[in-house]
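Okay, structure first, notes after.
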Amino acid sequence: MFNIEIVEKDNLKILGLLVRYKRVLLGFSLRDLGEITNISHTLISNFERGLMIPNKDTIKDIFIVLKLDFYDNQEMTSEFNRLYKKIFKHLVYYEYEEAGVLIIEIEKNKGIYNNSAVVVNFTIIRLLFYVLTNTKTDELQRIMKEFEVVIDFFSDNQKQLFYFIQGLEYLNKEFYKESRQFFEKALEIGDHKVDLLINEHYVISLSKSNKFVDSREIANKCILEYESKTNYVRAMRLRTRIAHDFIRIHKFEEAKEIYNFVNDYSIKYKIKDLENRCNTRLAQIAVIQNKYELANEYLKKVTPEFSKMYHYLMFDLFVYYKDNKKLLEYYKSTMSKDWVKKHKKSYNFFKLIIMRNIDGYMDKAEYERLLLNQIDIAIKSDDAEMLEVSSKHLMNFYKSERKYKKGLEISEHLLHYLKNGV
């Protein structure tokens with residue numbers, strides 16, 4: 001199913017870009033390099049632009065002059081190909097720990113793989129691991145930018161995976177419109193071996209923007225196909241996405257039925273990630289239904305800091321119990337975390353909670369500014385849920401301040417978005 005062919009020809013094209021980069025860095029013109037290597041400057045130019053591929057001896061001659069390493073050991077290539085396929089299969093089957101072990105193994109040979117015929121696939125499999133696991137690395141953005149400009153030299157399979165990676169990166173940043181655009185570009189290439197994994201994440205980007213009908217239709221098809229391939233964990237994850245959509249349209253009993261079903265599966269097979277997901281969302285339903293004691297019981301079963309939603313719900317519980325001391329302690333602890341400082345929506349959201357609920361913390365001008373900023377972020381990222389929550393808080397604020405015209409404008413903008421998606 002997931003036996004992706006590794007195309008050496010398309011990998012070799014990228015070596016031309018390494019040549020161009022190092023040639024310019026050393027101050028050589030094409031003619032200079034041609035004279036030194038005794039190779040036609042036209043051939044070198046065509047190699048750099050990916051229009052043709054010299055034989056390996058010619059590539060070696062160019063690399064020697066530019067002091068670039070070039071590795072073409074067949075044993076090394078075969079070993080990488082074997083590891084690539086194993087990593088990809090682990091990623092598809094949500095076996096991220098196993099994939100991570102092999103990623104560490106191939107990264108030990110980074111210097112070799114980056115100067116060999118497998119350079120593109122080496123880069124793609126690492127990027128795919130990082131974005132699927134939402135692992136932040138210093139070099140992630142740099143690598144993506146470097147390879148973005150040479151995507152025309154990729155094979156169709158490499159292009160599809162790279163578009164998928166770009167979509168995942170936008171999804172992790174919660175820019176849902178952009179993520180959909182890249183997922184759609186990846187799906188246009190149409191390699192069914194990869195389409196299923198792409199569609200799973202496409203479902204999330206659709207759901208986040210209130211495109212529930214399309215989201216559910218694709219999710220149900222993916223669930224059937226995943227289960228036919230005994231990939232039950234990903235099928236269960238998609239079920240939780242459908243359940244989340246039910247929460248958004250207030251079909252709570254349907255949502256609870258799905259979460260309880262998935263939760264039973266996750267407990268039986270000891271899949272803590274799924275168990276945390278289900279208990280967090282069951283707690284959310286309980287909060288919406290004003291069953292705070294029940295919500296507290298669900299959250300006790302969740303590994304702390306499982307998700308942003310976990311923190312949102314903890315704030316709700318402290319507010320409900322009117323425990324301002326613990327609320328402030330939790331606020332200060334949460335706001336000091338790196339992920340909160342980097343995540344503007346959550347940072348604003350937590351600050352707004354404190355301003356609404358703790359005497360002496362309300363600054364009306366700042367409160368209005370933060371809500372307007374939340375709405376602006378939500379619109380730009382196509383985050384329907386955040387837009388709805390922030391708009392309703394702002395409408396309530398304008399109502400309390402007797403600014404009815406402003407409140408009406410916000411209401412009309414929200415209704416327009418919910419109806420038209422813009």
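Here's how to read the names in the structure tokens: chain A, B, ... by the order shown, residue numbers from 1 in each chain, ligand numbers from 1 in the order shown.
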
Quiz prompt | For region 223-228 of chain A: contacts at 10 Å, only C-alpha atoms, fewer than 3 positions along chain excluded, given as an MDAnalysis selection string | solution = chainID A and resid 93 196:197 200 218:220 231:239

Residues from the last selection, all heavy atoms, saved as a CSV table (one decimal), in the first residue's frame:
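Final output, saved to result-v3.csv:
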chain,number,residue,atom,x,y,z
A,93,TYR,N,0.7,4.7,10.1
A,93,TYR,CA,0.0,3.9,11.1
A,93,TYR,C,0.0,4.6,12.5
A,93,TYR,O,-0.2,3.9,13.5
A,93,TYR,CB,0.5,2.5,11.1
A,93,TYR,CG,-0.1,1.7,10.0
A,93,TYR,CD1,0.5,1.6,8.7
A,93,TYR,CD2,-1.3,1.0,10.1
A,93,TYR,CE1,-0.1,0.9,7.7
A,93,TYR,CE2,-1.9,0.3,9.1
A,93,TYR,CZ,-1.3,0.2,7.9
A,93,TYR,OH,-1.8,-0.5,6.8
A,196,LEU,N,-5.1,9.2,1.1
A,196,LEU,CA,-5.9,8.9,2.3
A,196,LEU,C,-5.4,9.7,3.5
A,196,LEU,O,-6.1,10.3,4.2
A,196,LEU,CB,-5.8,7.4,2.5
A,196,LEU,CG,-6.6,6.9,3.7
A,196,LEU,CD1,-8.1,7.2,3.6
A,196,LEU,CD2,-6.4,5.4,3.9
A,197,LEU,N,-4.0,9.7,3.6
A,197,LEU,CA,-3.4,10.5,4.7
A,197,LEU,C,-3.7,12.0,4.6
A,197,LEU,O,-3.9,12.7,5.6
A,197,LEU,CB,-1.9,10.2,4.8
A,197,LEU,CG,-1.1,10.7,6.0
A,197,LEU,CD1,-1.7,10.1,7.3
A,197,LEU,CD2,0.3,10.4,5.9
A,200,GLU,N,-7.3,12.8,5.5
A,200,GLU,CA,-7.6,12.8,6.9
A,200,GLU,C,-7.3,14.2,7.5
A,200,GLU,O,-8.1,14.7,8.4
A,200,GLU,CB,-6.6,11.8,7.6
A,200,GLU,CG,-6.8,11.8,9.1
A,200,GLU,CD,-5.7,11.0,9.8
A,200,GLU,OE1,-5.1,10.2,9.2
A,200,GLU,OE2,-5.5,11.2,11.1
A,218,ILE,N,-16.1,13.3,3.7
A,218,ILE,CA,-14.7,12.8,3.4
A,218,ILE,C,-14.2,12.0,4.6
A,218,ILE,O,-13.6,10.9,4.4
A,218,ILE,CB,-13.7,14.0,3.2
A,218,ILE,CG1,-14.1,14.8,2.0
A,218,ILE,CG2,-12.3,13.5,3.1
A,218,ILE,CD1,-13.4,16.1,1.8
A,219,ALA,N,-14.6,12.4,5.8
A,219,ALA,CA,-14.1,11.6,7.0
A,219,ALA,C,-14.7,10.2,7.0
A,219,ALA,O,-14.0,9.2,7.3
A,219,ALA,CB,-14.6,12.3,8.3
A,220,ASN,N,-16.0,10.1,6.7
A,220,ASN,CA,-16.6,8.8,6.6
A,220,ASN,C,-16.0,7.8,5.6
A,220,ASN,O,-15.8,6.6,5.8
A,220,ASN,CB,-18.1,8.9,6.4
A,220,ASN,CG,-18.9,9.3,7.7
A,220,ASN,OD1,-18.6,8.9,8.8
A,220,ASN,ND2,-19.9,10.2,7.5
A,231,ASN,N,-6.1,0.0,9.8
A,231,ASN,CA,-5.4,1.2,10.4
A,231,ASN,C,-6.5,1.9,11.3
A,231,ASN,O,-7.0,2.9,11.0
A,231,ASN,CB,-5.0,2.2,9.3
A,231,ASN,CG,-4.0,3.2,9.8
A,231,ASN,OD1,-3.9,3.5,11.0
A,231,ASN,ND2,-3.3,3.9,8.9
A,232,TYR,N,-6.7,1.2,12.4
A,232,TYR,CA,-7.9,1.6,13.3
A,232,TYR,C,-7.6,2.9,14.1
A,232,TYR,O,-8.6,3.6,14.4
A,232,TYR,CB,-8.2,0.4,14.3
A,232,TYR,CG,-8.6,-0.8,13.5
A,232,TYR,CD1,-7.8,-2.0,13.6
A,232,TYR,CD2,-9.8,-0.9,12.8
A,232,TYR,CE1,-8.2,-3.2,13.0
A,232,TYR,CE2,-10.1,-2.0,12.1
A,232,TYR,CZ,-9.4,-3.2,12.2
A,232,TYR,OH,-9.7,-4.3,11.5
A,233,VAL,N,-6.4,3.1,14.4
A,233,VAL,CA,-6.1,4.3,15.2
A,233,VAL,C,-6.5,5.6,14.4
A,233,VAL,O,-7.2,6.5,14.9
A,233,VAL,CB,-4.6,4.4,15.6
A,233,VAL,CG1,-4.4,5.7,16.4
A,233,VAL,CG2,-4.3,3.2,16.5
A,234,ARG,N,-6.1,5.7,13.2
A,234,ARG,CA,-6.4,6.8,12.4
A,234,ARG,C,-8.0,6.9,12.1
A,234,ARG,O,-8.5,8.0,12.1
A,234,ARG,CB,-5.7,6.9,11.1
A,234,ARG,CG,-4.2,7.2,11.3
A,234,ARG,CD,-3.5,7.8,10.0
A,234,ARG,NE,-2.2,8.2,10.3
A,234,ARG,CZ,-1.8,9.3,10.9
A,234,ARG,NH1,-2.7,10.2,11.2
A,234,ARG,NH2,-0.5,9.6,11.1
A,235,ALA,N,-8.6,5.8,12.0
A,235,ALA,CA,-10.1,5.7,11.8
A,235,ALA,C,-10.7,6.3,13.1
A,235,ALA,O,-11.7,7.1,13.0
A,235,ALA,CB,-10.5,4.3,11.6
A,236,MET,N,-10.2,5.9,14.2
A,236,MET,CA,-10.8,6.4,15.5
A,236,MET,C,-10.5,7.9,15.7
A,236,MET,O,-11.4,8.7,16.1
A,236,MET,CB,-10.2,5.7,16.7
A,236,MET,CG,-10.6,4.2,16.8
A,236,MET,SD,-12.4,4.1,17.1
A,236,MET,CE,-12.5,2.3,17.0
A,237,ARG,N,-9.4,8.4,15.2
A,237,ARG,CA,-9.1,9.9,15.3
A,237,ARG,C,-10.1,10.6,14.4
A,237,ARG,O,-10.6,11.7,14.8
A,237,ARG,CB,-7.7,10.1,14.8
A,237,ARG,CG,-6.6,9.8,15.8
A,237,ARG,CD,-5.2,9.9,15.2
A,237,ARG,NE,-4.9,11.2,14.6
A,237,ARG,CZ,-4.5,12.3,15.2
A,237,ARG,NH1,-4.3,12.2,16.5
A,237,ARG,NH2,-4.3,13.4,14.5
A,238,LEU,N,-10.4,10.1,13.3
A,238,LEU,CA,-11.4,10.8,12.4
A,238,LEU,C,-12.8,10.8,13.1
A,238,LEU,O,-13.6,11.7,12.9
A,238,LEU,CB,-11.4,10.1,11.0
A,238,LEU,CG,-10.3,10.6,10.1
A,238,LEU,CD1,-10.2,9.6,8.9
A,238,LEU,CD2,-10.6,12.0,9.6
A,239,ARG,N,-13.1,9.7,13.8
A,239,ARG,CA,-14.4,9.7,14.5
A,239,ARG,C,-14.5,10.8,15.5
A,239,ARG,O,-15.5,11.4,15.7
A,239,ARG,CB,-14.6,8.3,15.1
A,239,ARG,CG,-15.0,7.2,14.2
A,239,ARG,CD,-15.5,6.0,15.0
A,239,ARG,NE,-16.1,5.0,14.0
A,239,ARG,CZ,-15.4,4.0,13.4
A,239,ARG,NH1,-14.1,3.9,13.7
A,239,ARG,NH2,-16.0,3.2,12.6

Exercise. Could you give me, as JSON, numbers by chain, each residue of region 167-325 of chain A that DSSP assigns to alpha helix (DSSP H) when run on this structure's backbone?
Key: {"A": [167, 168, 169, 170, 171, 172, 176, 177, 178, 179, 180, 181, 182, 183, 184, 185, 186, 187, 188, 189, 192, 193, 194, 195, 196, 197, 198, 199, 200, 201, 202, 203, 204, 205, 206, 207, 208, 212, 213, 214, 215, 216, 217, 218, 219, 220, 221, 222, 223, 224, 225, 226, 227, 228, 232, 233, 234, 235, 236, 237, 238, 239, 240, 241, 242, 243, 244, 245, 246, 247, 248, 252, 253, 254, 255, 256, 257, 258, 259, 260, 261, 262, 263, 264, 265, 266, 267, 268, 272, 273, 274, 275, 276, 277, 278, 279, 280, 281, 282, 283, 284, 285, 286, 287, 288, 292, 293, 294, 295, 296, 297, 298, 299, 300, 308, 309, 310, 311, 312, 313, 314, 315, 316, 317, 318, 319, 320, 324, 325]}

Pick out the residues sitting within 12 Å of region 262-272 of chain A, and hand them over as a VMD selection string; count only C-alpha atoms, and ignore anything fewer than 4 positions along from it in its own chain.
chain A and resid 94 to 95 232 to 243 255 to 258 276 to 282 298 301 to 303 306

Open item on the list: One decimal, in Å: what's the spacing between CA of Lys342 (chain A) and CA of Ile125 (chain A)?
Closed with: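 We find that CA of Lys342 (chain A) and CA of Ile125 (chain A) lie 26.1 Å from each other.
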
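Taking CA of Lys405 (chain A) and CA of Ile379 (chain A) as endpoints, the distance between them is 21.1 Å.
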
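Summary of the local environment: counting only C-alpha atoms, residues at most 8 Å from region 15-26 of chain A, other than itself and those fewer than 6 positions away along its chain, are A:Leu33, A:Phe47, A:Glu48, A:Arg49, A:Gly50, A:Ile62, A:Phe63, A:Leu66, A:Asn115, A:Ser116, A:Ala117.
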
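Between Lys351 (chain A) and the residues A:Asp273, A:Glu368, A:Glu184, A:Asp152, the shortest atom-to-atom distance, using only C-alpha atoms, involves A:Glu368.
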